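Undergrad: Quick one: this structure, given as structure tokens, is what I'll be asking you about.
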Amino acid sequence: MAAEKKTLEEEEDVLYIPTAQTDVTVVLPWKDMSDAELVVDLFMAEDAPLKYWVDAARVYYNRGMKEQYIYMLKEITNDDVGEHYDKKLKEEDRGKLERVQAFCGLAENEIDEAQAAKTKGERETALFAAQNYLSSAAAIDPSCEVTEQWIAKGQLHLARNEVARAKQSFKEARLRPDYGENVNCSGLLGFAYCCFRQNKWSEALQKYIEVMETLGSAKCPNYVRLAMAACYLRLKLPKMAKKCYQRVLALDKYSAEAQAGLGAQKLISNRKGEAAEGLSLLKRAYDSNPHLSFLLVSLCEQLFHRKEYSDMAKLAQIVVQSGAVEPSIKAEAYFYLGMAYYHADQSDQALRFFRASKEEDPSYVFPNHGIARVLIRKGDVTGAIEILESIVETNAGDLESLINLSVLNKERGEMQKAVQYAERALSIDKKNILLEEYLANLFASLDARKAFKHFNLVMKRKGEAQASPGTGNLILMNNSGVMQYECGEYIKAMSTFGQALKFAEKTIYFYPIKYNIARTHEALGSLQKASDLYKELLTLAPGYMECTLRLAAVCFSMGYVDRSIQYCKEGLKKYKNNPQILAMLVWIYLKQKKPREANNYLQQMLEHCPDEKNFIDTALGGMYLVTANKRSRMGDKENFEKYLHHAMTFFKQALASNSRNMFAAHGLGVCFALAGESVVAKKVFDKILEASKQDIKVVDMPEVWQNKASINLERGSYEEAWRAYMHCNNKFYKGKNTSIARLMAQALNAAGNKDAAAKLLLKASHLAPTDLSLKYGIGVVLMGHAHEVIEAGMQIGDDYEERLESLSFAESRLALTEFYTEFLHHYKTKAVQNNEAIDLDISENEFKRLRRETTLMSGRLKTARKDAETMYTRFKEMQDLFHDEQEMNRMVKEAKDKKDERLEEQKRKEEEERVLKQAEKLSSLQEQWAFKVPAASTKKAVKAEKEDNSAAVNEPSPWDLGFDSEKEEEEEEVPEEEVPEEEAPTKRKLKQLREESEQENKKKQKLADDLGLDDTDEDMDEDTPGEASQRKTGILESDSE
């Protein structure tokens, strides 16, 4: 019967209703269930358990009878039905589980209504109703033990685009086994879908495979295979996706989804014949289901790649206007609509659709790219960067976003950020040669060494052939040489330029490469060779203005100032009012300290070169600054303040027009320093050095480091000043700038390290023997060092010999000071007599003060030396007296020690004699005791024996040295008592007798051994005195023990 029932259920939906009073079961086919009210009345009349009500609802749902399905669920959740069953049925039959399932079914229905809603208000109303149904279910089952609750919650979270929360709900449902199954497939499917929405395609694919393994291939629905195909496509495994589509078509040849997916794959393949087959499959899928959203979006993608934007927009519009569509598919449709409007130059409409796409699916990345494109087109670079950065935050491997961020930051001047994004992009696509070259060009303005490294990599990857390099490789070789030049590796740069020049014959690149070779000769100091190359280039290319400028600079460096000016003026004839040539003339005249001529050319630039206003303001500020400095040295305070104010005004104007003009910023910092505002000046210099990280070519100037160090020196931060000077000298001049070396010595001298300052100045004087200021500095430092030594004086505990040595050192320092002072005096006197100018910016008063202080210090040195020598003589005398006294004390002590030794020897001998006497006395006593016969046991004998005992006791021990004999007190005499005849001897007496007996036996044994007698001789059988005494007392030796 049960088997027949199961077979009937498999054939068609049949409902079995048990009657209340009998065992009869009512069989109700689904065809007779059209009237849901009658079914409910039947259930109520028979008090059918609520599980049959739920079965009826399932029948309605499976048959598509939505109204009856909803009516049945609402009746199950009706309060009247609940009260009816609570009163009549037992606890286990009251149907709490079924009522929770009914509420969850109503919630799912509202979620479907929300997805199909056309307005936002309708959608929110439906979702609110679904939430209320779930709250009612939770009131019945607060612990959420019913699986349907978690499924419904997950669907609600998905409707609200809360994918993470939905995933957690499906995870809870997955942990609860489904009816008759070990694994809850509903929860597992929801969990897999959430993984797909989170772009975790591998995890989603694994869960879909788990569902298929649980259900089995025969029972697994086709939508699981379609989902697996979608995962394979996302994972770039088109072959596996194709197998999934083919399997679906094998099970259901009319599956529009499988036809669309397979058709799209064939359409994008490059194989012949498959494109036509793919179009055929897409057409069949479209005929089967014209509103298939997946198919339409696939067609939009193909049309987008073919640039058929109008047709793409029509299909995307159909998808948007369709009813219940997955948010991800709808988001793609909005994106393609936005791209269609973007290519139609309708940026506002495109932006609206891109934002709509983001609202549908926030995890969809492509709309962000579209928004960034629109913002870039509108000129909103900042907004575009923000959008692209948000993309990179969620997907660090988005190559397109990284490249766009690098380009946009480069346009904004943020070179460091541009490099960072380019490096991240290159780490993703390591074989991208264009990206490598782009990064090398970025580094060209920041770090020459890194740029050279990347240029070399580009040349290697392009397979550069030395025999016949192409145009691109010639440019790369030239750029590599330029980077070597920037790094200061001029020899290597010359070699690179030479190789490039061999392959640049009869090409347009011949002239710039040869020009670079001339610049390298100029940097190496081969000025004549550089001049010849510049002239040769001017002969080959008469209009080469850069050669004219460099030729003027070389002539100026070689000392041919007039010729340098002539080249510039000839250039002005060819290039009238050229700002670069005018700037060169301004620079030359400023170097020659001819501000009027320089001002004339500045005015000419101001009149004919309005675009160079920034440079003109900077140059005018520099002119006024130089003049103000001169006035300050002359003591003209009024004109100094006037010119300084003009300089600050021009520098501020230059910075107002170009905030990145670091030359103007540096000049302004110098003005603040001269005005006494050293704190402000230091802040300006610090900001310039911070900006050097962005554009090293423009702002990393040695003057900035030098001026910052001078401010630290002025403020008393001598160590910081010395470090800044050293960094400037080593980085920009390779430690060979004598002016900076003099300033370093000044900082060391102020810090008290005069020895290091003198060594530094002496080393600098070897580099520049004719520099008089270095010799003057050496004299000042040596005199100061000598002054410190002389004025130090003698302190208690000082070493007089070291003092004399330090005074000798000070004397040598003063001798060198006198030498340099006399040399400078003689040199200056001779120059004055011959009316010659000397390069010694020292006033006459300072020079006289140095000579006067040197003379005075020599006198102090003589006095200090005389005092030190006097004190040293007294010290030696006192030291000699001390040594004599020590020797006398030693001799007295030695005599005393010898006397003590003699006394000790005498005492030792006396003690030995006393010990010998005691030993002799002891031996005599032993002999007396050995041959003495004890008396009878009478009172007199006992008394005599006691006297002997007491005498023996009071006898000194043969080992007693007599040291404590004088300290012992005399004992009081004890009155004698009568001793009974049979009184036992004392222990001490027994011990003494035993010792005497043993000694006597030893003597006899020794005598017997000597005479060769046997132990059994009759003489030895006689009792010894000790044994006789023991017999008389009546006590044996063993008993006494």
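Starting from 1 in every chain, residues are counted up; chains themselves are A, B, ... following the order of the structure tokens, and ligands are numbered from 1 as listed.
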Can you pull out every residue within 12 Å of A:Asn707, counting only C-alpha atoms, but drop anything in the same chain fewer than 2 positions away, and send it as a ChimeraX atom specification?
TA: /A:666-674,678,681-686,688-689,701-705,709-714,721-722,724-725,728,740,743
Undergrad: What's the separation between atom CA of A:Ala664 and atom CA of A:Phe651, in Å to one decimal place?
TA: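 So the answer is 5.0 Å.
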Undergrad: Grab the atom CA of A:Met228 to atom CA of A:Ala258 distance for me, in Å with one decimal place.
TA: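 One can read the atom CA of A:Met228 to atom CA of A:Ala258 distance as 11.6 Å.
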Undergrad: Which neighbours of A:Tyr820 fall inside 9 Å, counting only C-alpha atoms, when residues of the same chain fewer than 3 positions from it are skipped, and could you give them as an NGL selection string?
TA: :A and (775-776 or 778-779 or 815-817 or 823-825)
Undergrad: For the selection you just gave me, I'd like the residues written to a file as a short mmCIF file (atom, residue, chain, number, x, y, z; two decimals), in the first residue's frame, keeping all heavy atoms.
TA:
```
data_model
loop_
_atom_site.label_atom_id
_atom_site.label_comp_id
_atom_site.auth_asym_id
_atom_site.auth_seq_id
_atom_site.Cartn_x
_atom_site.Cartn_y
_atom_site.Cartn_z
N LYS A 775 94.51 80.44 4.74
CA LYS A 775 95.68 80.67 5.59
C LYS A 775 95.32 81.54 6.78
O LYS A 775 95.79 81.30 7.90
CB LYS A 775 96.79 81.32 4.75
CG LYS A 775 97.36 80.38 3.68
CD LYS A 775 98.39 81.07 2.84
CE LYS A 775 99.08 80.08 1.91
NZ LYS A 775 98.16 79.32 1.07
N TYR A 776 94.51 82.53 6.55
CA TYR A 776 94.05 83.35 7.67
C TYR A 776 93.24 82.49 8.66
O TYR A 776 93.42 82.61 9.88
CB TYR A 776 93.20 84.51 7.15
CG TYR A 776 92.60 85.36 8.25
CD1 TYR A 776 93.37 86.32 8.90
CD2 TYR A 776 91.27 85.19 8.63
CE1 TYR A 776 92.83 87.09 9.92
CE2 TYR A 776 90.72 85.95 9.65
CZ TYR A 776 91.50 86.91 10.28
OH TYR A 776 90.97 87.66 11.30
N ILE A 778 93.55 79.30 9.16
CA ILE A 778 94.48 78.42 9.88
C ILE A 778 95.13 79.17 11.03
O ILE A 778 95.26 78.66 12.15
CB ILE A 778 95.55 77.87 8.91
CG1 ILE A 778 94.90 76.91 7.90
CG2 ILE A 778 96.64 77.15 9.68
CD1 ILE A 778 95.83 76.49 6.79
N GLY A 779 95.54 80.42 10.76
CA GLY A 779 96.15 81.22 11.82
C GLY A 779 95.20 81.45 12.98
O GLY A 779 95.58 81.35 14.15
N ALA A 815 103.88 79.35 16.70
CA ALA A 815 104.91 79.56 15.66
C ALA A 815 104.28 79.50 14.28
O ALA A 815 104.59 80.34 13.40
CB ALA A 815 106.00 78.50 15.80
N LEU A 816 103.36 78.51 14.07
CA LEU A 816 102.67 78.45 12.78
C LEU A 816 101.77 79.67 12.55
O LEU A 816 101.69 80.19 11.44
CB LEU A 816 101.84 77.17 12.71
CG LEU A 816 102.61 75.86 12.53
CD1 LEU A 816 101.66 74.67 12.66
CD2 LEU A 816 103.29 75.83 11.17
N THR A 817 101.14 80.11 13.63
CA THR A 817 100.29 81.31 13.51
C THR A 817 101.12 82.51 13.11
O THR A 817 100.72 83.31 12.23
CB THR A 817 99.57 81.56 14.84
OG1 THR A 817 98.82 80.40 15.21
CG2 THR A 817 98.63 82.74 14.73
N PHE A 823 103.26 85.94 6.73
CA PHE A 823 103.12 85.71 5.28
C PHE A 823 102.00 86.60 4.71
O PHE A 823 102.18 87.25 3.67
CB PHE A 823 102.82 84.24 5.02
CG PHE A 823 102.45 83.94 3.59
CD1 PHE A 823 103.44 83.82 2.61
CD2 PHE A 823 101.12 83.80 3.21
CE1 PHE A 823 103.09 83.56 1.30
CE2 PHE A 823 100.78 83.53 1.90
CZ PHE A 823 101.77 83.41 0.94
N LEU A 824 100.85 86.61 5.38
CA LEU A 824 99.74 87.42 4.90
C LEU A 824 100.07 88.90 4.95
O LEU A 824 99.71 89.67 4.04
CB LEU A 824 98.48 87.12 5.73
CG LEU A 824 97.86 85.73 5.55
CD1 LEU A 824 96.75 85.52 6.55
CD2 LEU A 824 97.34 85.56 4.13
N HIS A 825 100.78 89.33 6.01
CA HIS A 825 101.16 90.75 6.12
C HIS A 825 102.11 91.15 5.00
O HIS A 825 101.94 92.19 4.35
CB HIS A 825 101.81 90.97 7.49
CG HIS A 825 102.32 92.37 7.66
ND1 HIS A 825 101.48 93.47 7.79
CD2 HIS A 825 103.61 92.86 7.73
CE1 HIS A 825 102.20 94.56 7.91
NE2 HIS A 825 103.50 94.22 7.88
#
```
Undergrad: Which is closest to A:Ser480 among A:Asn600, A:Asn456, A:Ser657, A:Asn395, if we use only C-alpha atoms?
TA: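 Using only C-alpha atoms, A:Ser480 sits closest to A:Asn456.
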Undergrad: Just list as a VMD selection string whatever in stretch 34-89 of chain A DSSP marks as alpha helix (DSSP H).
TA: chain A and resid 36 to 46 50 to 62 66 to 76 79 to 88
Undergrad: Pull C-alpha atoms from the residues just selected and write them as a PDB file, in the first residue's frame.
TA:
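Contents of the output file part.pdb:
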```
ATOM      1  CA  ALA A  36      -8.289  26.578  -1.679  1.00  0.00           C
ATOM      2  CA  GLU A  37     -11.095  27.652   0.677  1.00  0.00           C
ATOM      3  CA  LEU A  38     -12.767  24.248   0.452  1.00  0.00           C
ATOM      4  CA  VAL A  39      -9.451  22.562   1.151  1.00  0.00           C
ATOM      5  CA  VAL A  40      -8.967  24.710   4.231  1.00  0.00           C
ATOM      6  CA  ASP A  41     -12.490  23.928   5.472  1.00  0.00           C
ATOM      7  CA  LEU A  42     -11.781  20.236   4.961  1.00  0.00           C
ATOM      8  CA  PHE A  43      -8.569  20.474   6.960  1.00  0.00           C
ATOM      9  CA  MET A  44     -10.347  22.334   9.754  1.00  0.00           C
ATOM     10  CA  ALA A  45     -13.224  19.835   9.882  1.00  0.00           C
ATOM     11  CA  GLU A  46     -10.896  16.848  10.082  1.00  0.00           C
ATOM     12  CA  LEU A  50      -0.529  21.449   9.762  1.00  0.00           C
ATOM     13  CA  LYS A  51       2.050  19.415   7.875  1.00  0.00           C
ATOM     14  CA  TYR A  52      -0.752  18.473   5.443  1.00  0.00           C
ATOM     15  CA  TRP A  53      -1.535  22.158   5.038  1.00  0.00           C
ATOM     16  CA  VAL A  54       2.126  22.754   4.109  1.00  0.00           C
ATOM     17  CA  ASP A  55       1.979  19.831   1.658  1.00  0.00           C
ATOM     18  CA  ALA A  56      -1.053  21.429   0.027  1.00  0.00           C
ATOM     19  CA  ALA A  57       0.830  24.730  -0.267  1.00  0.00           C
ATOM     20  CA  ARG A  58       3.730  22.917  -1.943  1.00  0.00           C
ATOM     21  CA  VAL A  59       1.327  21.367  -4.449  1.00  0.00           C
ATOM     22  CA  TYR A  60      -0.020  24.821  -5.310  1.00  0.00           C
ATOM     23  CA  TYR A  61       3.514  26.185  -5.675  1.00  0.00           C
ATOM     24  CA  ASN A  62       4.684  23.318  -7.898  1.00  0.00           C
ATOM     25  CA  LYS A  66       0.313  31.321  -6.840  1.00  0.00           C
ATOM     26  CA  GLU A  67      -2.969  32.730  -5.436  1.00  0.00           C
ATOM     27  CA  GLN A  68      -3.933  29.431  -3.822  1.00  0.00           C
ATOM     28  CA  TYR A  69      -0.362  29.058  -2.543  1.00  0.00           C
ATOM     29  CA  ILE A  70      -0.433  32.457  -0.833  1.00  0.00           C
ATOM     30  CA  TYR A  71      -3.938  31.853   0.528  1.00  0.00           C
ATOM     31  CA  MET A  72      -2.893  28.542   2.062  1.00  0.00           C
ATOM     32  CA  LEU A  73       0.193  30.086   3.690  1.00  0.00           C
ATOM     33  CA  LYS A  74      -1.810  32.927   5.125  1.00  0.00           C
ATOM     34  CA  GLU A  75      -4.374  30.517   6.545  1.00  0.00           C
ATOM     35  CA  ILE A  76      -1.609  28.519   8.197  1.00  0.00           C
ATOM     36  CA  ASP A  79      -4.169  33.395  14.505  1.00  0.00           C
ATOM     37  CA  ASP A  80      -7.561  31.614  14.503  1.00  0.00           C
ATOM     38  CA  VAL A  81      -5.977  28.486  13.067  1.00  0.00           C
ATOM     39  CA  GLY A  82      -3.227  28.678  15.622  1.00  0.00           C
ATOM     40  CA  GLU A  83      -5.652  28.970  18.522  1.00  0.00           C
ATOM     41  CA  HIS A  84      -7.767  26.117  17.135  1.00  0.00           C
ATOM     42  CA  TYR A  85      -4.832  23.736  17.013  1.00  0.00           C
ATOM     43  CA  ASP A  86      -3.438  24.886  20.339  1.00  0.00           C
ATOM     44  CA  LYS A  87      -6.696  23.899  22.076  1.00  0.00           C
ATOM     45  CA  LYS A  88      -7.433  20.595  20.376  1.00  0.00           C
TER      46      LYS A  88
END
```
Undergrad: Any idea what's packed within 12 Å of A:Phe809, counting only C-alpha atoms, ignoring anything in its chain fewer than 2 positions away? Could you give it as a list of chain:residue names?
TA: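 With the cut-off at 12 Å, the set is A:Asp755, A:Leu782, A:Met783, A:His785, A:Ala786, A:His787, A:Glu788, A:Val789, A:Ile790, A:Glu802, A:Arg803, A:Leu804, A:Glu805, A:Ser806, A:Leu807, A:Glu811, A:Ser812, A:Arg813, A:Leu814, A:Ala815, A:Leu816, A:Leu861, A:Arg865.
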Undergrad: Those same residues - N, CA, C and O atoms - I'd like them written as a short mmCIF file (atom, residue, chain, number, x, y, z; two decimals), in the first residue's frame.
TA:
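Result went into again15.cif, see below:
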```cif
data_model
loop_
_atom_site.label_atom_id
_atom_site.label_comp_id
_atom_site.auth_asym_id
_atom_site.auth_seq_id
_atom_site.Cartn_x
_atom_site.Cartn_y
_atom_site.Cartn_z
N ASP A 755 91.54 71.01 17.00
CA ASP A 755 92.52 70.16 16.33
C ASP A 755 91.97 69.67 14.99
O ASP A 755 92.66 69.74 13.96
N LEU A 782 94.74 78.07 14.93
CA LEU A 782 95.93 77.69 15.69
C LEU A 782 96.13 78.61 16.89
O LEU A 782 96.50 78.15 17.99
N MET A 783 95.90 79.90 16.69
CA MET A 783 96.04 80.83 17.82
C MET A 783 95.01 80.54 18.90
O MET A 783 95.31 80.56 20.10
N HIS A 785 93.63 77.62 19.50
CA HIS A 785 94.02 76.37 20.15
C HIS A 785 95.13 76.63 21.18
O HIS A 785 95.09 76.10 22.31
N ALA A 786 96.13 77.44 20.79
CA ALA A 786 97.21 77.77 21.72
C ALA A 786 96.66 78.53 22.93
O ALA A 786 97.08 78.31 24.07
N HIS A 787 95.73 79.43 22.69
CA HIS A 787 95.14 80.21 23.78
C HIS A 787 94.44 79.29 24.79
O HIS A 787 94.56 79.49 26.02
N GLU A 788 93.72 78.30 24.30
CA GLU A 788 93.06 77.36 25.21
C GLU A 788 94.07 76.61 26.07
O GLU A 788 93.86 76.41 27.27
N VAL A 789 95.15 76.18 25.44
CA VAL A 789 96.15 75.42 26.19
C VAL A 789 96.82 76.29 27.24
O VAL A 789 97.03 75.89 28.39
N ILE A 790 97.16 77.53 26.87
CA ILE A 790 97.87 78.40 27.81
C ILE A 790 96.97 78.80 28.97
O ILE A 790 97.39 78.80 30.13
N GLU A 802 103.14 66.56 31.46
CA GLU A 802 102.14 66.78 30.42
C GLU A 802 101.88 68.27 30.20
O GLU A 802 101.66 68.71 29.07
N ARG A 803 101.92 69.02 31.26
CA ARG A 803 101.73 70.47 31.12
C ARG A 803 102.83 71.07 30.26
O ARG A 803 102.57 71.89 29.38
N LEU A 804 104.06 70.68 30.50
CA LEU A 804 105.16 71.19 29.69
C LEU A 804 105.02 70.75 28.23
O LEU A 804 105.31 71.52 27.31
N GLU A 805 104.57 69.48 28.04
CA GLU A 805 104.37 69.02 26.67
C GLU A 805 103.28 69.82 25.97
O GLU A 805 103.41 70.19 24.80
N SER A 806 102.16 70.10 26.67
CA SER A 806 101.08 70.90 26.06
C SER A 806 101.54 72.31 25.77
O SER A 806 101.16 72.90 24.74
N LEU A 807 102.40 72.87 26.63
CA LEU A 807 102.92 74.21 26.34
C LEU A 807 103.84 74.19 25.13
O LEU A 807 103.87 75.14 24.34
N GLU A 811 103.31 76.23 21.80
CA GLU A 811 104.39 77.03 21.21
C GLU A 811 104.51 76.76 19.72
O GLU A 811 104.69 77.68 18.91
N SER A 812 104.35 75.44 19.32
CA SER A 812 104.41 75.13 17.89
C SER A 812 103.22 75.74 17.15
O SER A 812 103.37 76.23 16.02
N ARG A 813 102.05 75.73 17.78
CA ARG A 813 100.87 76.34 17.17
C ARG A 813 101.07 77.84 16.98
O ARG A 813 100.74 78.40 15.93
N LEU A 814 101.61 78.49 17.99
CA LEU A 814 101.85 79.93 17.88
C LEU A 814 102.91 80.23 16.82
O LEU A 814 102.84 81.25 16.11
N ALA A 815 103.88 79.35 16.70
CA ALA A 815 104.91 79.56 15.66
C ALA A 815 104.28 79.50 14.28
O ALA A 815 104.59 80.34 13.40
N LEU A 816 103.36 78.51 14.07
CA LEU A 816 102.67 78.45 12.78
C LEU A 816 101.77 79.67 12.55
O LEU A 816 101.69 80.19 11.44
N LEU A 861 102.72 82.74 26.86
CA LEU A 861 103.29 81.41 26.76
C LEU A 861 104.62 81.34 27.50
O LEU A 861 104.90 80.37 28.22
N ARG A 865 105.26 78.98 30.62
CA ARG A 865 106.33 77.98 30.58
C ARG A 865 107.26 78.15 31.76
O ARG A 865 107.68 77.16 32.38
#
```
Undergrad: Between atom CA of A:Ala129 and atom CA of A:Gly105, what is the distance in Å, rounded to a tenth?
TA: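 So the answer is 12.2 Å.
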